[in-house]
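J.: The structure follows.
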Amino acid sequence: MWQGCKLLTKRIIPCLDVKDGRVVKGVHFRNLRDAGDPVELAKMYNDQGADELVYLDISASPEGRKTMVGVVEKTADQVFIPLTVGGGIGAVEDIRRILKAGADKVAINTAATKNPDIIREGARRFGSQCIVSAIDAKRVYEEREDRIMVDTDEGRCWFDVYIYGGRKPLDMDAVAWAVRVEELGAGEILLTSMDADGTKIGFDLPLTRTVSEETNIPVIASGGAGTLEHIYDAFARGKADAALAASIFHYREYTVRDIKEYLKEKGIPVRV
Amino acid sequence: MGKKIAIIDYGVGNLRSVFKGLEYCGVEPVVTDDPAVVEESDGIVLPGVGAFADAMIRLRPFEQVLKACAGKKPMLGICLGMQLYFTLSEEDGINQGLDLMRGRVLRLPDFVKIPQMGWNSIEVRKESELLDGIRDGDFFYFVHSYYAVPEEDVILASTRYGVDVPAVVGKGNLFATQFHPEKSGKAGLRILENFVRIVGER
């Protein structure tokens, strides 16, 4: 009779990298190519049955950031599913600005590692449900007593937090950080594997599973999706609540609908 | 159709999506923080995100007009807006609500992830104009930590999240959804459309 409690559907979330108002695609933020208008792509993914959308603002300039607000407004005016915006959120005022433009959640990464209070204050003012903690993690195969060690097929490792778009390691345990951001009031964790990102070899399942088990808030698996099986594994073995992908959608390898039909057949609850 | 729908702006949450959703359904809603404008409207939307007690304090200037309009003109509460309809809430102690519907607002059980955040399907319990075109199993987007336990027969649809959670309630002209119709894709827009039609017909 309690069946409903586990039946919240698993979410499929296309991610769009937006630079100066245009969607771009590339590998590891290099060789960027124009991939179209964010609003048009958002509409397309919505029509395919996407459960949410993530915009990652990779503009480097203040002008680019301003453009992003307009993009968020236009999207929220036409696409009626939840929208998360990350990139360049440095202060509570940035959160307010993005939410006011029509986003439902903001993803905070670098700023939270420097000033964890931004999560606490953001959650207090706007509610935990709109504060997503984005964590970029990379394996370190080195035995340390002060780290949460995880067994993987490739060996025992711990996970280091990276900031500045994956450029700088912090020598900080990602699993412990995930537990901490939940305590601070984050409502969700967007967990990206730096090892898997852009590789299409599949999600880092030990990372995803460990963070899912150590926290009580939803975990979005990110980085590495290349096949339908990878996404199934993120849920079945990685215990993720949602899976985020970019390139398999951008290169039209699969539609959101393809993925959901596959998952449904394999017994994963999805919204179709 | 010339009917006026007022979205109450009492300083909680983002009203842009509700506004655009209604606009998408063919009306031009007004966002207002003026109780007089609410009183003159043909239909009222009570949105809400955040904490119950704080929302009740901010809503105080509208309390009179809401109580006077309840039942007379169509009203749609959304999320926290729905919870505010009830007699009291147990969020942060006991706090009085608008008491437009008899019942209490309780915290979701500890054995589920709180908040419920995501798409869940509903089961239609009672026919209603608001649910025209909505079928059992349709999905809606929920974000909430508390849920209503009505003490009168108002549940139009429910969902399952550890416990039975009222997803849509209705009593005469008084309607509310625990989910966000403005974030629930096509099915959500259908509910807003139905509400707009109800306002038009009254």
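In the structure tokens, chains take the letters A, B, ... in the order shown, each chain's residues start at 1, and ligands count up from 1 in the order shown.
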Quick one: contact table of chain A to chain B, 9 Å max, nearest atom pair and distance in Å to one decimal per residue, counting only C-alpha atoms, chain and number order, as CSV?

T.:
```
residue,atom,partner,partner_atom,distance
A:Trp2,CA,B:Gly162,CA,5.9
A:Gln3,CA,B:Gly162,CA,7.6
A:Gly4,CA,B:Arg160,CA,4.6
A:Cys5,CA,B:Gly162,CA,4.0
A:Lys6,CA,B:Tyr161,CA,7.5
A:Leu7,CA,B:Asn120,CA,7.5
A:Leu8,CA,B:Asn120,CA,5.4
A:Thr9,CA,B:Trp119,CA,5.9
A:Lys10,CA,B:Trp119,CA,8.2
A:Arg11,CA,B:Gly118,CA,7.6
A:Asn46,CA,B:Gly185,CA,7.8
A:Gly49,CA,B:Gly185,CA,8.8
A:Asp51,CA,B:Trp119,CA,7.7
A:Glu73,CA,B:Arg16,CA,8.7
A:Ala76,CA,B:Ser17,CA,6.4
A:Asp77,CA,B:Lys20,CA,5.5
A:Gln78,CA,B:Lys20,CA,7.6
A:Val79,CA,B:Gly185,CA,7.6
A:Phe80,CA,B:Lys183,CA,4.7
A:Ile81,CA,B:Lys183,CA,4.3
A:Pro82,CA,B:Lys183,CA,5.8
A:Leu99,CA,B:Asn14,CA,7.0
A:Lys100,CA,B:Asn14,CA,6.1
A:Ala101,CA,B:Arg16,CA,7.6
A:Gly102,CA,B:Arg16,CA,6.0
A:Ala103,CA,B:Asn14,CA,8.7
A:Asp104,CA,B:Asn14,CA,8.3
A:Arg125,CA,B:Gly50,CA,8.5
A:Phe126,CA,B:Gly50,CA,6.9
A:Gly127,CA,B:Gly50,CA,6.0
A:Ser128,CA,B:Pro115,CA,8.6
A:Gln129,CA,B:Val143,CA,7.0
A:Gly187,CA,B:Pro115,CA,7.9
A:Asn216,CA,B:Lys113,CA,6.2
A:Ile217,CA,B:Lys113,CA,6.4
A:Pro218,CA,B:Lys113,CA,7.8
A:Val270,CA,B:Trp119,CA,8.6
A:Arg271,CA,B:Phe139,CA,6.6
A:Val272,CA,B:Phe139,CA,8.5
```

J.: I'd like to know which residues of stretch 17-142 of chain B are strand (DSSP E) (by DSSP, run on the backbone); could you write them as number ranges by chain?

T.: B: 30-32, 43-46, 75-78, 86-89, 95-96, 101-107, 116-121, 123-124, 139-142

J.: Can you tell me, as a list in words, what residues are no more than 8 Å from A:Pro206 when counting only C-alpha atoms, ignoring any on the same chain fewer than 4 positions away?

T.: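 The contact residues come out as Val150, Asp151, Thr152, Thr210 and Gly238 of chain A.
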
J.: Go ahead and write the selection's residues with C-alpha atoms as a short mmCIF file (atom, residue, chain, number, x, y, z; two decimals), in the first residue's frame.

T.:
```cif
data_model
loop_
_atom_site.label_atom_id
_atom_site.label_comp_id
_atom_site.auth_asym_id
_atom_site.auth_seq_id
_atom_site.Cartn_x
_atom_site.Cartn_y
_atom_site.Cartn_z
CA VAL A 150 35.09 4.16 -2.63
CA ASP A 151 35.76 0.87 -4.41
CA THR A 152 35.52 1.02 -8.19
CA THR A 210 27.80 6.90 -3.03
CA GLY A 238 23.74 4.63 -9.56
#
```

J.: Check the DSSP output for the backbone and give back, as JSON, numbers by chain, the residues of stretch 134-260 of chain A in helix (DSSP H, G or I).

T.: {"A": [174, 175, 176, 177, 178, 179, 180, 181, 182, 183, 184, 205, 206, 207, 208, 209, 210, 211, 212, 213, 214, 228, 229, 230, 231, 232, 233, 234, 235, 236, 247, 248, 249, 250, 256, 257, 258, 259, 260]}

J.: Atom CA of B:Gly43 to atom CA of B:Leu106: how many Å, to one decimal?

T.: 28.2 Å

J.: Neighbours of stretch 246-255 of chain A within 10 Å (only C-alpha atoms; same-chain residues fewer than 5 positions away dropped), as a ChimeraX atom specification?

T.: /A:13-17,23-27,35-36,41,44-45,48-50,54,197-200,222-228,260

J.: Within 7 Å of B:Leu156, counting only C-alpha atoms, which residues show up once you throw out same-chain ones fewer than 3 positions away? Write them as a ChimeraX atom specification, please.

T.: /B:124-127,168-170

J.: Those same residues - C-alpha atoms - I'd like them written as a short mmCIF file (atom, residue, chain, number, x, y, z; two decimals), in the first residue's frame.

T.:
```
data_model
loop_
_atom_site.label_atom_id
_atom_site.label_comp_id
_atom_site.auth_asym_id
_atom_site.auth_seq_id
_atom_site.Cartn_x
_atom_site.Cartn_y
_atom_site.Cartn_z
CA VAL B 124 -9.01 11.55 -10.34
CA ARG B 125 -11.43 11.09 -7.46
CA LYS B 126 -14.32 13.27 -8.45
CA GLU B 127 -15.50 14.83 -11.69
CA VAL B 168 -6.50 18.96 -6.48
CA VAL B 169 -9.25 20.20 -4.19
CA GLY B 170 -12.51 21.91 -5.03
#
```

J.: Can you work out which one of A:Ala186, A:Val71, A:Leu53, A:Ala243 has the shortest atom-to-atom distance to A:Ile118, counting only C-alpha atoms?

T.: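 Answer, going by the shortest atom-to-atom distance: A:Ala186.
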
J.: Skipping near chain neighbours, those fewer than 5 positions away, what residues fall within 12 Å of A:Thr215 using only C-alpha atoms, listed as a list in words?

T.: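 Non-adjacent residues within range: Ala174, Val175, Ala176, Trp177, Ala178, Val179, Arg180, Val181, Glu182, Glu183, Gly185, Ala186, Gly187, Glu188, Ile189, Thr208, Arg209, Thr210, Lys239, Ala240 and Asp241 of chain A; Lys113 and Ile114 of chain B.
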